[in-house]
Amino acid sequence: MPPSRTARWLPAAAAVAVAAWGANQFTALATVYRAHTDWSALSLAAMFSVYLVGLVPGLLLGGPAADRYGRRRTVRAALGLSAAASVVLALADEPSVYAARLATGFAAGLVFLAGTTWLRELSGPAVPPEQGARRAMYATGTGFAAGALASGVIAEWLPGPMVLPGLAHALGCLLVLRATRGLPETIPAGGTPPCRTAAVRHPRFRYVVLPASPAVLGAATVAYVVLPPLVADRVPGYAPLFSGLVAALTLATGVIAQPFAARLDDADSARATLTAMATVIAGLLLGALAADRDSVGLVVAAAVVLGTGYGLTLGAGLHEVERLTPRSSGPTSASLYQSTTSSGFLTPLLLAGTAGHASYPALLAGMAAVGLLCLAVTATHSRRHLPGPDHPPAHPDHPTREDASTESARIGPTPSRTGPTPLSVGPTPPRSRRPWAE
């Protein structure tokens with residue numbers, strides 16, 4: 001029986017959440033693999049990072065696929081792929097894990113695009129834009145946190161720690177596929193092809209947004225991929241659960257922090273981006289101290305700071321992209337921005353590859369030093385290259401103001417023809433005035 005009109009957005013939210021669950025279940029499983037196999041730390045980091053190889057094409061192709069084939073068909077096909085990937089993951093041999101991570105990334109990118117748009121459109125025109133943004137944000141954040149936490153709990157207390165987590169996610173995908181079976185298609189008629197590089201060609205993108213973009217997911221992955229294994233000996237018998245809890249804490253903190261990026265946002269400077277980068281640097285230094293002292297408490301504290309930096313950096317970058325983007329191409333340009341932030345997924349691989357030449361405290365301190373250089377570049381150009389007259393502002397109450405908020409809620413943005421309205425620029429007050437952030 002099809003869901004009622006008032007609740008039909010809920011299955012779409014479940015689709016976004018279960019895709020995020022699959023994307024993040026490897027966080028706790030990596031600890032299980034480390035304990036039950038002879039796979040090297042470098043191999044495990046590569047397994048984590050290969051997700052990026054699938055995610056980026058998913059982000060870039062999800063919008064066109066949703067426009068051509070429809071949101072419903074795209075989301076349901078991607079969920080089927082995600083379920084199959086988790087079954088392959090449950091085979092628990094090295095080639096299968098690589099293949100599963102690649103397919104999971106591609107499926108997640110598709111759902112993060114089409115699924116979030118579907119959720120907003122199913123909410124209906126009577127729902128305020130900021131409420132649709134919150135729904136997408138909470139669905140994605142819940143899924144990311146649930147993926148790490150559920151995998152950690154299953155691996156800790158149930159048999160088959162390398163098998164059952166993947167099968168549990170596959171079952172979740174099947175249940176959501178059943179729940180979305182009666183949902184309608186919402187693809188709008190007509191539309192014009194977007195300019196896909198409108199924002200990324202702007203000098204401000206190169207000198208303000210781009211230097212901070214690796215810090216978005218770099219901060220998150222350091223918090224819940226790199227740090228927990230370094231203190232696993234301090235939580236004997238509970239390493240998978242601890243890893244899942246740290247991941248859930250990091251991501252939950254990031255979701256809570258994102259609205260504050262709107263409060264800090266200033267159209268005449270890079271105040272929000274600079275604050276976010278400074279937070280990430282502080283988190284890296286705290287992580288270096290945690291690694292040096294082998295302290296569980298400091299790892300938890302670093303996860304909170306890095307999670308805050310993750311949320312602030314993502315939100316600040318998306319608000320910058322919003323101002324740089326003409327109305328006809330906003331979400332597509334934001335999609336390219338999200339692809340640049342995905343470079344942060346390579347952080348665990350880079351650290352594992354260089355760990356033989358320096359200690360983790362030294363490597364994390366080195367990352368903080370690189371962050372300072374990037375912060376200096378952004379600070380130098382903070383008040384330069386402000387958007388010109390070729391990026392016309394929208395009315396402050398125009399519904400497109402919600403798009404950047406929705407973008408902050410996930411790893412992938414909404415394509416220009418898949419949202420109800422494209423991203424646009426409002427007038428230039430000292431800070432953003434997004435109602436849901438107030």
# chains A, B, ... in the order shown; residues from 1 in each chain; ligands from 1
call {"tool": "residues_around", "arguments": {"residues": "Ala100 (chain A)", "least_positions_apart": "3", "cutoff": "9 Å", "atoms": "only C-alpha atoms", "output": "PyMOL selection string"}}
result
chain A and resi 51+82+84-89+95-97+103-105
call {"tool": "closest_atom_pairs", "arguments": {"of": "region 266-323 of chain A", "to": "region 344-367 of chain A", "cutoff": "12 Å", "atoms": "only C-alpha atoms", "output": "JSON lines"}}
result
{"residue": "A:Met277", "atom": "CA", "partner": "A:Met367", "partner_atom": "CA", "distance": 11.9}
{"residue": "A:Val280", "atom": "CA", "partner": "A:Met367", "partner_atom": "CA", "distance": 10.0}
{"residue": "A:Ile281", "atom": "CA", "partner": "A:Met367", "partner_atom": "CA", "distance": 8.1}
{"residue": "A:Ala282", "atom": "CA", "partner": "A:Ala365", "partner_atom": "CA", "distance": 9.9}
{"residue": "A:Gly283", "atom": "CA", "partner": "A:Leu364", "partner_atom": "CA", "distance": 9.6}
{"residue": "A:Leu284", "atom": "CA", "partner": "A:Leu364", "partner_atom": "CA", "distance": 5.9}
{"residue": "A:Leu285", "atom": "CA", "partner": "A:Ala365", "partner_atom": "CA", "distance": 5.8}
{"residue": "A:Leu286", "atom": "CA", "partner": "A:Leu364", "partner_atom": "CA", "distance": 9.1}
{"residue": "A:Gly287", "atom": "CA", "partner": "A:Leu364", "partner_atom": "CA", "distance": 7.0}
{"residue": "A:Ala288", "atom": "CA", "partner": "A:Pro361", "partner_atom": "CA", "distance": 4.2}
{"residue": "A:Leu289", "atom": "CA", "partner": "A:Pro361", "partner_atom": "CA", "distance": 6.6}
{"residue": "A:Ala290", "atom": "CA", "partner": "A:Pro361", "partner_atom": "CA", "distance": 8.0}
{"residue": "A:Ala291", "atom": "CA", "partner": "A:Pro361", "partner_atom": "CA", "distance": 5.6}
{"residue": "A:Asp292", "atom": "CA", "partner": "A:Pro361", "partner_atom": "CA", "distance": 5.6}
{"residue": "A:Arg293", "atom": "CA", "partner": "A:Pro361", "partner_atom": "CA", "distance": 9.2}
{"residue": "A:Asp294", "atom": "CA", "partner": "A:Pro361", "partner_atom": "CA", "distance": 10.2}
{"residue": "A:Ala302", "atom": "CA", "partner": "A:Leu364", "partner_atom": "CA", "distance": 11.8}
{"residue": "A:Tyr310", "atom": "CA", "partner": "A:Gly344", "partner_atom": "CA", "distance": 10.5}
{"residue": "A:Leu314", "atom": "CA", "partner": "A:Gly344", "partner_atom": "CA", "distance": 11.7}
call {"tool": "write_last_selection", "arguments": {"atoms": "N, CA and C atoms", "output": "compact mmCIF listing (two decimals), in the first residue's frame"}}
result
# COMPACT_ATOMS: atom_id res chain seq x y z
N MET A 277 39.00 25.99 9.19
CA MET A 277 40.35 25.45 9.01
C MET A 277 41.14 25.49 10.31
N VAL A 280 40.08 22.53 12.37
CA VAL A 280 40.68 21.28 11.89
C VAL A 280 42.14 21.18 12.34
N ILE A 281 42.87 22.27 12.23
CA ILE A 281 44.28 22.27 12.66
C ILE A 281 44.38 21.95 14.14
N ALA A 282 43.52 22.55 14.95
CA ALA A 282 43.52 22.26 16.39
C ALA A 282 43.21 20.79 16.63
N GLY A 283 42.28 20.23 15.86
CA GLY A 283 41.95 18.82 16.01
C GLY A 283 43.10 17.90 15.64
N LEU A 284 43.84 18.26 14.59
CA LEU A 284 45.00 17.46 14.18
C LEU A 284 46.08 17.48 15.26
N LEU A 285 46.32 18.65 15.85
CA LEU A 285 47.32 18.74 16.92
C LEU A 285 46.89 17.95 18.15
N LEU A 286 45.59 18.00 18.44
CA LEU A 286 45.08 17.20 19.55
C LEU A 286 45.19 15.71 19.24
N GLY A 287 44.95 15.33 17.99
CA GLY A 287 45.13 13.94 17.58
C GLY A 287 46.57 13.49 17.68
N ALA A 288 47.50 14.38 17.33
CA ALA A 288 48.92 14.05 17.47
C ALA A 288 49.28 13.82 18.93
N LEU A 289 48.72 14.64 19.80
CA LEU A 289 48.96 14.46 21.24
C LEU A 289 48.35 13.15 21.73
N ALA A 290 47.16 12.81 21.22
CA ALA A 290 46.51 11.56 21.61
C ALA A 290 47.34 10.36 21.18
N ALA A 291 47.88 10.42 19.96
CA ALA A 291 48.72 9.32 19.48
C ALA A 291 50.01 9.22 20.27
N ASP A 292 50.58 10.36 20.62
CA ASP A 292 51.83 10.36 21.37
C ASP A 292 51.65 9.79 22.77
N ARG A 293 50.52 10.09 23.39
CA ARG A 293 50.27 9.65 24.76
C ARG A 293 49.45 8.36 24.84
N ASP A 294 49.06 7.83 23.68
CA ASP A 294 48.27 6.59 23.64
C ASP A 294 47.04 6.70 24.54
N ALA A 302 39.70 14.59 20.44
CA ALA A 302 40.11 14.96 19.08
C ALA A 302 38.99 14.70 18.09
N TYR A 310 35.08 19.31 10.51
CA TYR A 310 34.48 18.71 9.32
C TYR A 310 33.17 19.42 8.96
N LEU A 314 32.79 21.95 5.62
CA LEU A 314 31.85 21.59 4.57
C LEU A 314 30.81 22.69 4.38
call {"tool": "residues_around", "arguments": {"residues": "region 166-171 of chain A", "least_positions_apart": "6", "cutoff": "10 Å", "atoms": "only C-alpha atoms", "output": "JSON, numbers by chain"}}
result
{"A": [18, 19, 21, 22, 25, 26, 29, 79, 80, 81, 82, 83, 84, 85, 86, 87, 88, 89, 90, 91, 92, 100, 147, 150, 151, 154, 177]}
call {"tool": "residues_around", "arguments": {"residues": "Arg76 (chain A)", "least_positions_apart": "4", "cutoff": "9 Å", "atoms": "only C-alpha atoms", "output": "list in words"}}
result
Ala15, Arg71, Arg72, Gly80, Leu81, Val111, Val176, Leu177, Thr180 and Arg181 of chain A
call {"tool": "write_last_selection", "arguments": {"atoms": "N, CA and C atoms", "output": "mmCIF file, in the first residue's frame"}}
result
data_model
loop_
_atom_site.group_PDB
_atom_site.id
_atom_site.type_symbol
_atom_site.label_atom_id
_atom_site.label_comp_id
_atom_site.auth_asym_id
_atom_site.auth_seq_id
_atom_site.Cartn_x
_atom_site.Cartn_y
_atom_site.Cartn_z
ATOM 1 N N ALA A 15 15.976 5.719 2.369
ATOM 2 C CA ALA A 15 16.889 5.350 1.285
ATOM 3 C C ALA A 15 18.219 6.090 1.415
ATOM 4 N N ARG A 71 14.092 9.964 -10.519
ATOM 5 C CA ARG A 71 14.661 9.804 -9.178
ATOM 6 C C ARG A 71 14.394 8.404 -8.631
ATOM 7 N N ARG A 72 13.134 7.957 -8.796
ATOM 8 C CA ARG A 72 12.733 6.669 -8.227
ATOM 9 C C ARG A 72 13.575 5.527 -8.782
ATOM 10 N N GLY A 80 19.829 -1.349 -4.839
ATOM 11 C CA GLY A 80 20.087 -2.739 -5.199
ATOM 12 C C GLY A 80 21.579 -3.012 -5.342
ATOM 13 N N LEU A 81 22.295 -2.066 -5.961
ATOM 14 C CA LEU A 81 23.748 -2.209 -6.090
ATOM 15 C C LEU A 81 24.419 -2.177 -4.725
ATOM 16 N N VAL A 111 22.802 7.811 -4.770
ATOM 17 C CA VAL A 111 21.706 8.059 -3.826
ATOM 18 C C VAL A 111 21.844 9.430 -3.185
ATOM 19 N N VAL A 176 14.223 -1.241 2.627
ATOM 20 C CA VAL A 176 13.950 0.093 2.106
ATOM 21 C C VAL A 176 13.451 0.015 0.659
ATOM 22 N N LEU A 177 13.980 -0.923 -0.113
ATOM 23 C CA LEU A 177 13.468 -1.112 -1.474
ATOM 24 C C LEU A 177 11.975 -1.435 -1.448
ATOM 25 N N THR A 180 10.005 1.766 -0.584
ATOM 26 C CA THR A 180 9.943 2.796 -1.629
ATOM 27 C C THR A 180 9.191 2.328 -2.866
ATOM 28 N N ARG A 181 8.696 1.121 -2.844
ATOM 29 C CA ARG A 181 8.057 0.555 -4.035
ATOM 30 C C ARG A 181 6.855 1.379 -4.482
#
call {"tool": "residues_around", "arguments": {"residues": "Ala35 (chain A)", "least_positions_apart": "6", "cutoff": "12 Å", "atoms": "only C-alpha atoms", "output": "list in words"}}
result
Ala28, Leu29, Ala41, Leu44, Ala155, Glu156, Pro161, Met162, Pro229, Ala232, Asp233, Pro236, Gly237, Tyr238, Ala239 and Pro240 of chain A
call {"tool": "closest_residue", "arguments": {"among": "A:Ser213, A:Ser49, A:Thr37, A:Ser342", "to": "Val225 (chain A)", "atoms": "only C-alpha atoms"}}
result
A:Ser49
call {"tool": "closest_residue", "arguments": {"among": "A:Asp265, A:Val32, A:Ala20, A:Val305", "to": "Leu164 (chain A)", "atoms": "only C-alpha atoms"}}
result
A:Val32
